[in-house]
Every structure is written in C-alpha cells, then in structure tokens.
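Enquirer: This is the structure I have questions about; it appears just below.
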Protein chains: 2
Amino acid sequence: MTKPTLVDVGKEAGVSAITVSRALRSPEKVSDSLRAKVDAAVRKLGYVPNQSASTLASSETNSIVVMIPSISNNVFTDVLRGIEDALKHTRLTLQIGNTGYDPIEEERVLRSFLNPAPKGVILAGIEQTNETRQMLANVGVPVVQIMDLSDAPIDQIVGFSHEDAAFAAANHLIDKGYCNIGFLGAQMDPRSQKRLAGFRKALQNAGMYDERAVVVTNRPSDVNIGAILFGKLTTQYPECDAVFCNNDDLALGVLFECQRRGIRVPTELGICGFNDLGVTSQCVPTISTVRTPLYDMGAKAGKILVDGGAGAKDRQVDLGFSLEIRNSSLR
Amino acid sequence: MTKPTLVDVGKEAGVSAITVSRALRSPEKVSDSLRAKVDAAVRKLGYVPNQSASTLASSETNSIVVMIPSISNNVFTDVLRGIEDALKHTRLTLQIGNTGYDPIEEERVLRSFLNPAPKGVILAGIEQTNETRQMLANVGVPVVQIMDLSDAPIDQIVGFSHEDAAFAAANHLIDKGYCNIGFLGAQMDPRSQKRLAGFRKALQNAGMYDERAVVVTNRPSDVNIGAILFGKLTTQYPECDAVFCNNDDLALGVLFECQRRGIRVPTELGICGFNDLGVTSQCVPTISTVRTPLYDMGAKAGKILVDGGAGAKDRQVDLGFSLEIRNSSLR
DNA sequence: TTGAAAGCGCTAACAC
DNA sequence: GTGTTAGCGCTTTCAA
C-alpha cells in the first residue's frame with residue numbers, strides 16, 4: 001500500500017494529475033462535477049499532498065518561522081498563543097525555533113529554516129547578528145521583530161518600550177512613598193537591561209539611586225530565584241523598602257519570602273512585578289505589575305505575516321503597556 | 001543574487017553536484033582535498049541545502065512531530081523541554097502540532113504532517129481516533145505515546161499511571177487524618193478522569209466517598225479557577241477538610257483562597273496538588289503534590305525516536321511518580 | 001573516489 | 001475547463 005500520488009488520484013477520477021492539483025488548490029477554477037469526482041477519489045485513496053514536492057515545484061512554502069528564546073518561559077507561550085491564533089483558519093503552519101537567548105544559535109537554527117524560504121519570520125528582540133540580517137535580506141522574506149522597539153527594524157517591529165515600562169513602574173513605587181527601592185532581575189537579556197535602565201533613570205531622577213539596590217542574575221527567572229535574589233538584596237541593602245522585579249515569577253518569590261520572614265507587604269515592603277503572568281492577580285496580597293502586550297504582540301505579528309508582511313502602515317508598532325496597580329504597592 | 005544550488009557549488013569547486021552532496025552528507029567518503037575545496041565553495045556562496053528537494057529525492061525527512069494538547073499549559077512545556085534536549089546535537093528537527101485536546105483536530109493536523117513521513121511521531125495520551133491509528137499504520141512511522149500507560153499502545157508508550165498516582169495522593173491525605181476530602185479538577189481530559197477514578201477508589205476503600213466532594217470543570221486549569229472551584233466545594237460540601245487538586249495551579253488557587261478567608265492550612269484544610277510544577281515548593285506553606293515525570297517522558301520518547309523507534313525493550317515504559325509530601329498536608 | 005542519468009511528486013507555463 | 005511539457009534541487013543507482 002504505497003502512498004497515492006496526484007497521478008493515482010487522477011487515474012481514479014479519470015482526469016490528469018494537473019487537474020486534480022487544480023481541483024484541490026483552486027476549486028473555483030474547475031467544474032462542479034469534476035470537483036466532486038476528484039474529491040471522491042481523494043477520499044477513496046486517502047490522498048495527502050506531498051508538501052516537499054509542492055514546495056519544490058512552486059518554490060512557495062506555507063510556513064511561518066518563529067524564533068523564541070525559550071519555550072519554558074511563560075512569557076513566550078503567551079506570545080505563541082497570539083501567533084497561533086493569528087494563523088488559525090489559514091493554510092499557514094508554524095515552525096518554532098529555539099534560540100536559548102543566543103544570537104549565534106538563532107542564526108544557526110534560522111539558517112536551516114530559510115531554504116526553502118518561509119512565508120514569514122518572527123524574531124524576538126533586536127539583537128540579531130549581522131549574518132542573520134544579511135541572510136534575511138538575501139532571502140527577501142517578510143520579517144517581524146517582536147518584544148521590543150527600534151527605529152531601524154529589519155523589516156517591521158511590534159513591541160513596547162521596556163525602558164518606559166520599568167520607568168513607570170519605578171515611579172509608581174516612588175509616588176507611593178517608598179524611598180529605598182531595589183531592582184531584582186533574572187535572565188538579564190537585552191530587554192531586561194532596558195528595564196534596569198528605566199528603573200535606574202526613575203530613581204536617579206528622584207535622587208534616590210543606590211548601587212547596592214540592584215541584584216541580578218543570568219539564570220532563568222523562577223519563583224525560587226526571586227526569593228534568593230531578595231535574600232541578597234536585604235543583605236547588601238537592608239534599608240530597602242520596596243522591590244521592582246524583572247518578571248512576575250521573581251515578584252511572587254519575594255512575596256513568599258516575605259511571608260516566611262514575617263515581612264508585611266505592602267507596609268514594610270512594596271513589590272512590583274512585570275508581565276502580568278496571571279498569578280500576581282490571585283495571590284495574597286495581589287501583586288502590582290506591568291501588563292505587557294504578550295499575546296497581542298504575537299497576534300499582531302502573525303496578522304502582519306498572514307497579510308503578506310504589509311499589515312502595518314508603519315514599520316514600528318508600539319503596543320504599549322499598562323500599570324496594574326494592586327495591593328502589594330499600596331501602603 | 002539567486003540562491004546557490006549544489007550545481008553552483010560544484011562549479012565553484014570544480015566538481016559535479018553529486019560530489020558536493022556526498023562531501024556534505026558523508027565527508028568520510030570523499031578525499032580530504034576535495035572536502036576542503038567543497039567547504040570553501042559552500043562558505044563562499046553561502047550555500048544552504050534545500051530541504052524540500054532533499055526530502056523529495058530521498059523520501060526521508062529529518063523531523064520529529066509532536067502533537068501537544070496545548071502550548072500554554074506548563075505541563076507540556078516541561079515535556080517539550082525533555083524532547084528538545086533529546087534532539088539536541090542531532091540532525092532532527094521538531095515540528096510541534098497543537099491539538100486543543102481534540103482527537104479530531106489531532107487527526108487533521110497530524111495528517112498534514114505525515115507526508116512526507118517524519119522520522120517519528122510523539123502523541124499525548126491514548127485517545128487517538130481510529131483514522132489516526134490507521135494513518136499512522138499506513139505510513140509506518142515510529143510512534144511514541146506519552147503521558148499515560150496502555151497495554152495496547154499504537155507502537156510504544158512511556159508514561160505513568162494517573163489512577164495510581166491519584167490513589168496514592170488520596171491515601172496520603174487519608175493517612176494524615178483528613179476524613180472529608182474533596183476533589184478539584186479543571187481541564188478534565190481522559191487522564192484527569194483517571195485521576196478522579198483513583199481518588200474515588202481510595203475514598204471508597206476508606207468508606208468515606210461523598211458525591212458532593214467532586215467539583216470539576218472543563219475549562220483550562222489556572223490559579224483563579226482553583227479558587228472558584230474551591231468556593232463551590234465549600235458551598236456544597238461544608239464539612240470538607242482537605243482537597244486533592246488535579247493540577248498544581250488549582251492547589252495554589254486554593255491556598256490563596258484560604259489565605260483570603262483565613263482558613264488555616266494544613267490544620268483546617270489539607271491540600272495536595274499534582275505535577276509538581278515548581279511553585280508549590282516555594283509558597284507558604286509549601287504544598288504537597290505528586291511529582292510526575294514530565295521532563296523524563298519527553299526525554300525518553302525523544303531518545304526512543306532518535307534511536308529509530310527501537311530504544312525501549314518493552315512497548316510500555318512506566319516512569320512512575322512520587323509523592324512530594326510538604327507542609328500543606330501535615331496537620 | 002568520482003560522475004552520469006533518472007526520477008522523487010508536484011506545479012508553472014503554455015497549449016488546446 | 002482541461003491536458004502537455006518541462007523542470008524545481010536533490011539523491012539513488014549504476015557505471016567508470
């Protein structure tokens with residue numbers, strides 16, 4: 001029982017292979033009776049088109065490539081949901097590549113996905129290697145960068161300002177009367193560095209920046225790391241009365257550590273997270289955070305590519321952010 | 001600047017296309033000097049093999065297909081990490097399909113991934129349609145089912161017993177002296193139904209099963225749903241003194257709801273979760289849970305397929321589970 | 001160790 | 001509306 005080809009289906013339906021191809025690809029260009037016969041033959045033989053042959057002949061793929069720093073990071077699963085939803089009810093298929101936060105690895109994996117050329121490419125961040133940019137230019141495929149902003153995107157970019165977001169969050173803490181505010185950061189990728197920059201700017205503006213207030217690690221963000229970093233912070237900066245965290249995981253870890261140590265939130269310590277990953281709205285007390293447009297960035301990027309790369313009028317789309325002020329920062 | 005082909009590389013290196021192909025695919029079958037020349041030409045032209053052409057000519061893909069019920073569920077991201085790690089340093093590429101917990105959708109998506117045939121297929125659960133089984137049999141591709149056990153796997157299966165795991169968890173609560181134990185379940189897929197069955201068996205054995213003790217929903221599991229389900233449970237079963245949750249998300253939601261209502265854990269209410277998703281070991285109090293071999297199932301399934309589908313001696317591999325007894329169930 | 005010929009299954013371009 | 005011809009870029013088979 002060898003796999004049926006277009007020729008087999010054609011024989012069964014009493015027509016030529018190319019007619020079957022047309023009946024399947026553009027049913028409107030074919031007579032009704034013929035379409036019915038072809039459909040019957042397809043079903044009878046269990047015909048499934050060979051993607052490789054189709055791609056080779058037409059030099060057209062139906063795939064969208066997404067390069068993601070990490071699949072186990074909830075931040076990116078939200079983004080992926082957005083992309084998936086945008087591709088739903090479309091012939092487009094999603095090809096996910098994992099970069100491990102490494103531009104060189106991104107280049108390597110992306111290269112293998114670029115021949116034949118996909119319908120579009122979604123890239124996280126703006127730190128691509130020159131090689132990557134060159135490759136992309138040669139292939140001439142629509143590219144959408146996400147998660148950040150840039151005046152000089154490869155092609156198009158949809159994101160938000162990490163610096164502004166962190167700046168706003170830090171100012172919120174300052175406004176609430178906290179005056180020894182720490183920064184906790186894990187997975188210090190370039191976007192996290194921008195958050196740190198925004199934080200620093202806000203504190204400097206207020207004349208209350210202190211070197212000791214910053215504790216970061218390059219390890220992946222999780223709840224446990226939050227507690228550990230907070231431990232370090234309180235050691236080197238005991239007067240600390242609030243923390244801004246890089247990511248909600250960390251913020252939750254800080255809250256738990258406070259519960260363990262009997263530190264009252266928000267009176268003794270204010271907490272603000274980042275990304276609004278869900279659990280911060282449920283814990284006790286609820287944790288203030290910065291809502292970032294994770295799902296929307298994915299959905300918008302997907303839509304742009306579904307529309308052939310011409311979805312946005314401007315090359316840069318700023319989806320913004322919003323402060324979700326909850327109980328952990330209201331003293 | 002059109003994309004270079006094998007012929008172009010051959011011309012550049014002064015050899016034929018087929019020789020280039022060989023130099024790239026099996027370098028040991030080619031003289032050193034030639035290999036050097038070819039490598040130089042490849043680099044100079046920026047040659048990248050055309051996957052479609054290669055696949056079409058050899059009728060061999062280098063992809064592993066994984067059908068996952070949902071990418072936004074942390075349970076599956078852990079599994080995916082395992083698979084990815086197994087494929088690392090391998091020519092194999094991961095193709096992820098999303099089933100949305102629907103066997104019909106699984107069939108539809110899988111069908112489109114099956115021609116040309118991938119090197120292997122990983123399927124979650126054992127609820128495939130007959131059509132799906134038929135397709136897979138026709139294609140003759142190695143299949144590994146994961147997340148569950150079965151005496152009649154399609155091909156091979158690696159998982160653990162959900163019923164036994166829930167049975168053990170429920171018995172643990174019974175042993176600790178809780179006697180009105182509720183079951184909270186979201187995303188009631190077939191594996192969750194098995195957990196419910198295991199729970200029920202334990203309570204019935206102990207002569208303390210009560211209809212009102214079971215509160216479930218088909219909505220996806222998250223922290224908020226945990227609180228909601230717990231609310232329902234306490235309404236319809238006020239004497240409830242412990243809950244076993246389908247998933248750690250729910251357990252965390254229950255803990256938060258207890259904090260809100262001033263219910264003391266574990267004295268007034270015992271809590272046990274499922275899957276050991278990380279945060280349960282960090283919260284206050286820590287939450288007892290069932291550690292399931294999420295990463296390991298992915299890694300093992302991946303390894304089996306990397307080894308050509310013959311990795312396991314037995315068709316069924318039971319990776320087991322373990323009780324992580326923490327503070328939420330020790331009164 | 002290297003090359004020539006044939007063909008994988010499909011579609012573009014052109015006929016009828 | 002339907003068929004014919006050619007060829008996508010590669011690998012298989014066979015020959016040298």
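Each chain in the structure tokens gets a letter, A, B, ..., in the order shown, and its residues are numbered from 1; ligands are numbered from 1 in order too.
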Using only C-alpha atoms (C1' of nucleotides), which residues of chain A come within 12 Å of chain C, and what is the closest atom pair for each, with the distance in Å to one decimal? Give it as CSV, sorted by chain and residue number.
Expert:
```
residue,atom,partner,partner_atom,distance
A:Lys3,CA,C:DG9,C1',10.9
A:Pro4,CA,C:DG9,C1',10.1
A:Thr5,CA,C:DG9,C1',6.9
A:Leu6,CA,C:DG9,C1',7.6
A:Val7,CA,C:DG9,C1',9.0
A:Asp8,CA,C:DG9,C1',11.2
A:Ala17,CA,C:DC10,C1',9.2
A:Ile18,CA,C:DT11,C1',7.8
A:Thr19,CA,C:DT11,C1',10.8
A:Val20,CA,C:DC10,C1',11.0
A:Ser21,CA,C:DT11,C1',8.1
A:Arg22,CA,C:DT11,C1',9.4
A:Arg25,CA,C:DT11,C1',10.6
A:Val48,CA,C:DG9,C1',11.4
A:Pro49,CA,C:DG9,C1',8.6
A:Asn50,CA,C:DG9,C1',6.7
A:Gln51,CA,C:DC10,C1',8.7
A:Ser52,CA,C:DG9,C1',8.1
A:Ala53,CA,C:DC10,C1',4.9
A:Ser54,CA,C:DC10,C1',4.8
A:Thr55,CA,C:DC10,C1',8.0
A:Leu56,CA,C:DC10,C1',7.6
A:Ala57,CA,C:DT11,C1',5.3
A:Ser58,CA,C:DT11,C1',5.7
A:Ser59,CA,C:DT11,C1',9.4
A:Glu60,CA,C:DT11,C1',10.4
```
Enquirer: For the selection you just gave me, I'd like the residues written to a file as a PDB file, in the first residue's frame, keeping N, CA and C atoms.
Expert:
```
ATOM      1  N   LYS A   3       2.007   5.111  -0.914  1.00  0.00           N
ATOM      2  CA  LYS A   3       1.272   6.360  -0.815  1.00  0.00           C
ATOM      3  C   LYS A   3       0.765   6.831  -2.178  1.00  0.00           C
ATOM      4  N   PRO A   4      -0.522   7.152  -2.273  1.00  0.00           N
ATOM      5  CA  PRO A   4      -1.069   7.595  -3.560  1.00  0.00           C
ATOM      6  C   PRO A   4      -0.539   8.980  -3.939  1.00  0.00           C
ATOM      7  N   THR A   5      -0.329   9.184  -5.222  1.00  0.00           N
ATOM      8  CA  THR A   5       0.125  10.483  -5.705  1.00  0.00           C
ATOM      9  C   THR A   5      -0.991  11.138  -6.513  1.00  0.00           C
ATOM     10  N   LEU A   6      -0.717  12.320  -6.975  1.00  0.00           N
ATOM     11  CA  LEU A   6      -1.692  13.025  -7.804  1.00  0.00           C
ATOM     12  C   LEU A   6      -2.062  12.192  -9.017  1.00  0.00           C
ATOM     13  N   VAL A   7      -1.092  11.487  -9.567  1.00  0.00           N
ATOM     14  CA  VAL A   7      -1.355  10.656 -10.744  1.00  0.00           C
ATOM     15  C   VAL A   7      -2.379   9.564 -10.414  1.00  0.00           C
ATOM     16  N   ASP A   8      -2.194   8.935  -9.260  1.00  0.00           N
ATOM     17  CA  ASP A   8      -3.130   7.893  -8.843  1.00  0.00           C
ATOM     18  C   ASP A   8      -4.543   8.454  -8.709  1.00  0.00           C
ATOM     19  N   ALA A  17      -3.284  14.504 -13.720  1.00  0.00           N
ATOM     20  CA  ALA A  17      -2.769  14.909 -12.411  1.00  0.00           C
ATOM     21  C   ALA A  17      -2.939  16.407 -12.175  1.00  0.00           C
ATOM     22  N   ILE A  18      -2.608  17.177 -13.212  1.00  0.00           N
ATOM     23  CA  ILE A  18      -2.660  18.620 -13.017  1.00  0.00           C
ATOM     24  C   ILE A  18      -4.079  19.090 -12.714  1.00  0.00           C
ATOM     25  N   THR A  19      -5.036  18.419 -13.259  1.00  0.00           N
ATOM     26  CA  THR A  19      -6.425  18.787 -12.986  1.00  0.00           C
ATOM     27  C   THR A  19      -6.777  18.523 -11.529  1.00  0.00           C
ATOM     28  N   VAL A  20      -6.295  17.432 -11.031  1.00  0.00           N
ATOM     29  CA  VAL A  20      -6.516  17.140  -9.623  1.00  0.00           C
ATOM     30  C   VAL A  20      -5.873  18.231  -8.773  1.00  0.00           C
ATOM     31  N   SER A  21      -4.656  18.574  -9.126  1.00  0.00           N
ATOM     32  CA  SER A  21      -3.956  19.620  -8.396  1.00  0.00           C
ATOM     33  C   SER A  21      -4.789  20.895  -8.366  1.00  0.00           C
ATOM     34  N   ARG A  22      -5.310  21.251  -9.511  1.00  0.00           N
ATOM     35  CA  ARG A  22      -6.136  22.468  -9.578  1.00  0.00           C
ATOM     36  C   ARG A  22      -7.407  22.328  -8.770  1.00  0.00           C
ATOM     37  N   ARG A  25      -6.410  22.895  -5.231  1.00  0.00           N
ATOM     38  CA  ARG A  25      -5.828  24.175  -4.858  1.00  0.00           C
ATOM     39  C   ARG A  25      -6.736  25.360  -5.153  1.00  0.00           C
ATOM     40  N   VAL A  48      -2.959  12.358   0.432  1.00  0.00           N
ATOM     41  CA  VAL A  48      -2.444  13.529   1.161  1.00  0.00           C
ATOM     42  C   VAL A  48      -1.324  14.132   0.328  1.00  0.00           C
ATOM     43  N   PRO A  49      -1.409  15.416   0.045  1.00  0.00           N
ATOM     44  CA  PRO A  49      -0.392  16.052  -0.800  1.00  0.00           C
ATOM     45  C   PRO A  49       0.997  15.934  -0.174  1.00  0.00           C
ATOM     46  N   ASN A  50       1.980  15.783  -1.008  1.00  0.00           N
ATOM     47  CA  ASN A  50       3.364  15.775  -0.538  1.00  0.00           C
ATOM     48  C   ASN A  50       3.876  17.211  -0.484  1.00  0.00           C
ATOM     49  N   GLN A  51       4.066  17.667   0.732  1.00  0.00           N
ATOM     50  CA  GLN A  51       4.475  19.052   0.947  1.00  0.00           C
ATOM     51  C   GLN A  51       5.802  19.388   0.265  1.00  0.00           C
ATOM     52  N   SER A  52       6.731  18.461   0.347  1.00  0.00           N
ATOM     53  CA  SER A  52       8.059  18.741  -0.215  1.00  0.00           C
ATOM     54  C   SER A  52       7.975  18.932  -1.714  1.00  0.00           C
ATOM     55  N   ALA A  53       7.227  18.080  -2.366  1.00  0.00           N
ATOM     56  CA  ALA A  53       7.114  18.178  -3.816  1.00  0.00           C
ATOM     57  C   ALA A  53       6.445  19.488  -4.206  1.00  0.00           C
ATOM     58  N   SER A  54       5.401  19.814  -3.473  1.00  0.00           N
ATOM     59  CA  SER A  54       4.673  21.048  -3.752  1.00  0.00           C
ATOM     60  C   SER A  54       5.585  22.259  -3.576  1.00  0.00           C
ATOM     61  N   THR A  55       6.290  22.266  -2.478  1.00  0.00           N
ATOM     62  CA  THR A  55       7.187  23.372  -2.189  1.00  0.00           C
ATOM     63  C   THR A  55       8.291  23.477  -3.231  1.00  0.00           C
ATOM     64  N   LEU A  56       8.825  22.332  -3.585  1.00  0.00           N
ATOM     65  CA  LEU A  56       9.918  22.344  -4.551  1.00  0.00           C
ATOM     66  C   LEU A  56       9.454  22.887  -5.903  1.00  0.00           C
ATOM     67  N   ALA A  57       8.278  22.444  -6.310  1.00  0.00           N
ATOM     68  CA  ALA A  57       7.780  22.844  -7.625  1.00  0.00           C
ATOM     69  C   ALA A  57       7.385  24.317  -7.668  1.00  0.00           C
ATOM     70  N   SER A  58       6.787  24.777  -6.603  1.00  0.00           N
ATOM     71  CA  SER A  58       6.255  26.143  -6.635  1.00  0.00           C
ATOM     72  C   SER A  58       7.222  27.145  -6.005  1.00  0.00           C
ATOM     73  N   SER A  59       8.253  26.641  -5.377  1.00  0.00           N
ATOM     74  CA  SER A  59       9.128  27.438  -4.518  1.00  0.00           C
ATOM     75  C   SER A  59       8.323  28.364  -3.599  1.00  0.00           C
ATOM     76  N   GLU A  60       7.275  27.797  -3.087  1.00  0.00           N
ATOM     77  CA  GLU A  60       6.486  28.514  -2.074  1.00  0.00           C
ATOM     78  C   GLU A  60       6.204  27.605  -0.897  1.00  0.00           C
TER      79      GLU A  60
END
```
Enquirer: Where in stretch 4-70 of chain B does DSSP assign helix (DSSP H, G or I), given as a ChimeraX atom specification?
Expert: /B:6-13,17-25,27-29,32-45,51-58
Enquirer: Using only C-alpha atoms (C1' of nucleotides), which protein or nucleic acid residues come within 12 Å of A:Thr235? Drop anything in the same chain fewer than 6 positions from it, and give the result as a list in words.
Expert: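 My reading of the contact set: Gly182, Arg212, Ala213, Val214, Val215, Ile228 and Leu229 of chain A.
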Enquirer: Generate a file of the selected residues that holds C-alpha atoms, formatted as a tab-separated table (two decimals), in the first residue's frame.
Expert:
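Saved result, selection00.tsv, follows:
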```tsv
chain	number	residue	atom	x	y	z
A	182	GLY	CA	15.61	47.65	44.89
A	212	ARG	CA	23.51	48.32	46.22
A	213	ALA	CA	19.88	48.30	45.15
A	214	VAL	CA	20.47	46.21	42.05
A	215	VAL	CA	20.68	42.42	42.28
A	228	ILE	CA	17.23	34.07	46.59
A	229	LEU	CA	17.77	37.44	44.96
```
Enquirer: Can you pull out every residue within 8 Å of stretch 187-203 of chain B, counting only C-alpha atoms (C1' of nucleotides), but drop anything in the same chain fewer than 6 positions away, and send it as a PyMOL selection string?
Expert: chain B and resi 101+125+127+148+162-171+209+216-221+246
Enquirer: Could you save the residues just selected, with C-alpha atoms, as a short mmCIF file (atom, residue, chain, number, x, y, z; two decimals), in the first residue's frame?
Expert:
```
data_model
loop_
_atom_site.label_atom_id
_atom_site.label_comp_id
_atom_site.auth_asym_id
_atom_site.auth_seq_id
_atom_site.Cartn_x
_atom_site.Cartn_y
_atom_site.Cartn_z
CA TYR B 101 -7.39 18.45 23.45
CA GLY B 125 -2.41 10.34 25.57
CA GLU B 127 -7.31 8.70 22.77
CA ASP B 148 -0.29 7.67 30.06
CA HIS B 162 -2.63 8.61 36.67
CA GLU B 163 -5.01 6.43 38.60
CA ASP B 164 -2.30 5.04 40.85
CA ALA B 165 -0.83 8.48 41.38
CA ALA B 166 -4.13 9.98 42.47
CA PHE B 167 -4.86 6.90 44.55
CA ALA B 168 -1.57 7.38 46.39
CA ALA B 169 -2.19 11.08 46.92
CA ALA B 170 -5.68 10.49 48.29
CA ASN B 171 -4.42 7.77 50.60
CA TYR B 209 -16.55 8.83 49.49
CA VAL B 216 -14.78 19.77 38.15
CA THR B 217 -14.77 21.95 35.06
CA ASN B 218 -13.59 21.55 31.53
CA ARG B 219 -12.04 24.98 31.46
CA PRO B 220 -8.26 25.14 31.38
CA SER B 221 -6.52 24.87 34.70
CA ASN B 246 -5.96 17.82 39.56
#
```
Enquirer: Within 9 Å of chain B, which residues of chain D show up when using only C-alpha atoms (C1' of nucleotides), listed as a PyMOL selection string?
Expert: chain D and resi 8-12
Enquirer: Please provide as a PyMOL selection string all residues within 8 Å of B:Thr129, with the sequence filter that same-chain residues fewer than 2 positions apart are discarded (counting only C-alpha atoms (C1' of nucleotides)).
Expert: chain B and resi 103-104+107+127+131-133
Enquirer: Write the selection just made, keeping N, CA, C and O atoms, as a PDB file, in the first residue's frame?
Expert:
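Result file follows (again13.pdb):
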```
ATOM      1  N   PRO B 103      -9.262  15.025  19.653  1.00  0.00           N
ATOM      2  CA  PRO B 103      -8.724  13.958  18.785  1.00  0.00           C
ATOM      3  C   PRO B 103      -8.968  14.194  17.298  1.00  0.00           C
ATOM      4  O   PRO B 103      -8.148  13.814  16.462  1.00  0.00           O
ATOM      5  N   ILE B 104     -10.076  14.838  16.973  1.00  0.00           N
ATOM      6  CA  ILE B 104     -10.377  15.121  15.570  1.00  0.00           C
ATOM      7  C   ILE B 104      -9.382  16.141  15.012  1.00  0.00           C
ATOM      8  O   ILE B 104      -8.864  16.002  13.906  1.00  0.00           O
ATOM      9  N   GLU B 107      -6.098  14.527  14.547  1.00  0.00           N
ATOM     10  CA  GLU B 107      -6.077  13.778  13.286  1.00  0.00           C
ATOM     11  C   GLU B 107      -5.818  14.702  12.102  1.00  0.00           C
ATOM     12  O   GLU B 107      -4.976  14.434  11.241  1.00  0.00           O
ATOM     13  N   GLU B 127      -5.951   8.570  23.312  1.00  0.00           N
ATOM     14  CA  GLU B 127      -7.306   8.703  22.767  1.00  0.00           C
ATOM     15  C   GLU B 127      -7.310   9.084  21.288  1.00  0.00           C
ATOM     16  O   GLU B 127      -8.077   9.933  20.840  1.00  0.00           O
ATOM     17  N   GLU B 131      -9.083   6.569  12.675  1.00  0.00           N
ATOM     18  CA  GLU B 131      -8.471   7.132  11.469  1.00  0.00           C
ATOM     19  C   GLU B 131      -6.996   7.441  11.704  1.00  0.00           C
ATOM     20  O   GLU B 131      -6.141   7.141  10.884  1.00  0.00           O
ATOM     21  N   THR B 132      -6.728   8.082  12.840  1.00  0.00           N
ATOM     22  CA  THR B 132      -5.349   8.442  13.168  1.00  0.00           C
ATOM     23  C   THR B 132      -4.485   7.192  13.241  1.00  0.00           C
ATOM     24  O   THR B 132      -3.397   7.120  12.659  1.00  0.00           O
ATOM     25  N   ARG B 133      -4.993   6.181  13.936  1.00  0.00           N
ATOM     26  CA  ARG B 133      -4.221   4.936  14.055  1.00  0.00           C
ATOM     27  C   ARG B 133      -3.967   4.327  12.678  1.00  0.00           C
ATOM     28  O   ARG B 133      -2.867   3.850  12.384  1.00  0.00           O
TER      29      ARG B 133
END
```
Enquirer: Residues of chain B were defined as contacting chain A if any atom lay at most 8 Å from it, counting only C-alpha atoms; please report them as a ChimeraX atom specification.
Expert: /B:1,3,48-53,55-56,71-72,74,77-78,80-81,94-96,111-112,115-116,138-139,223-224,253,256,259-260,278-279,282-284
Enquirer: Give the strand (DSSP E or B) residues of stretch 168-321 of chain B, as assigned by DSSP on the backbone, as a PyMOL selection string.
Expert: chain B and resi 181-185+214-216+242-245+270-272+288-291+316-318
Enquirer: So how many Å separate atom CA of A:Leu319 and atom CA of A:Pro69, to one decimal?
Expert: 20.6 Å
Enquirer: One decimal, in Å: what's the spacing between atom CA of A:Tyr178 and atom CA of A:Pro293?
Expert: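 Calculated distance between atom CA of A:Tyr178 and atom CA of A:Pro293 is 27.2 Å.
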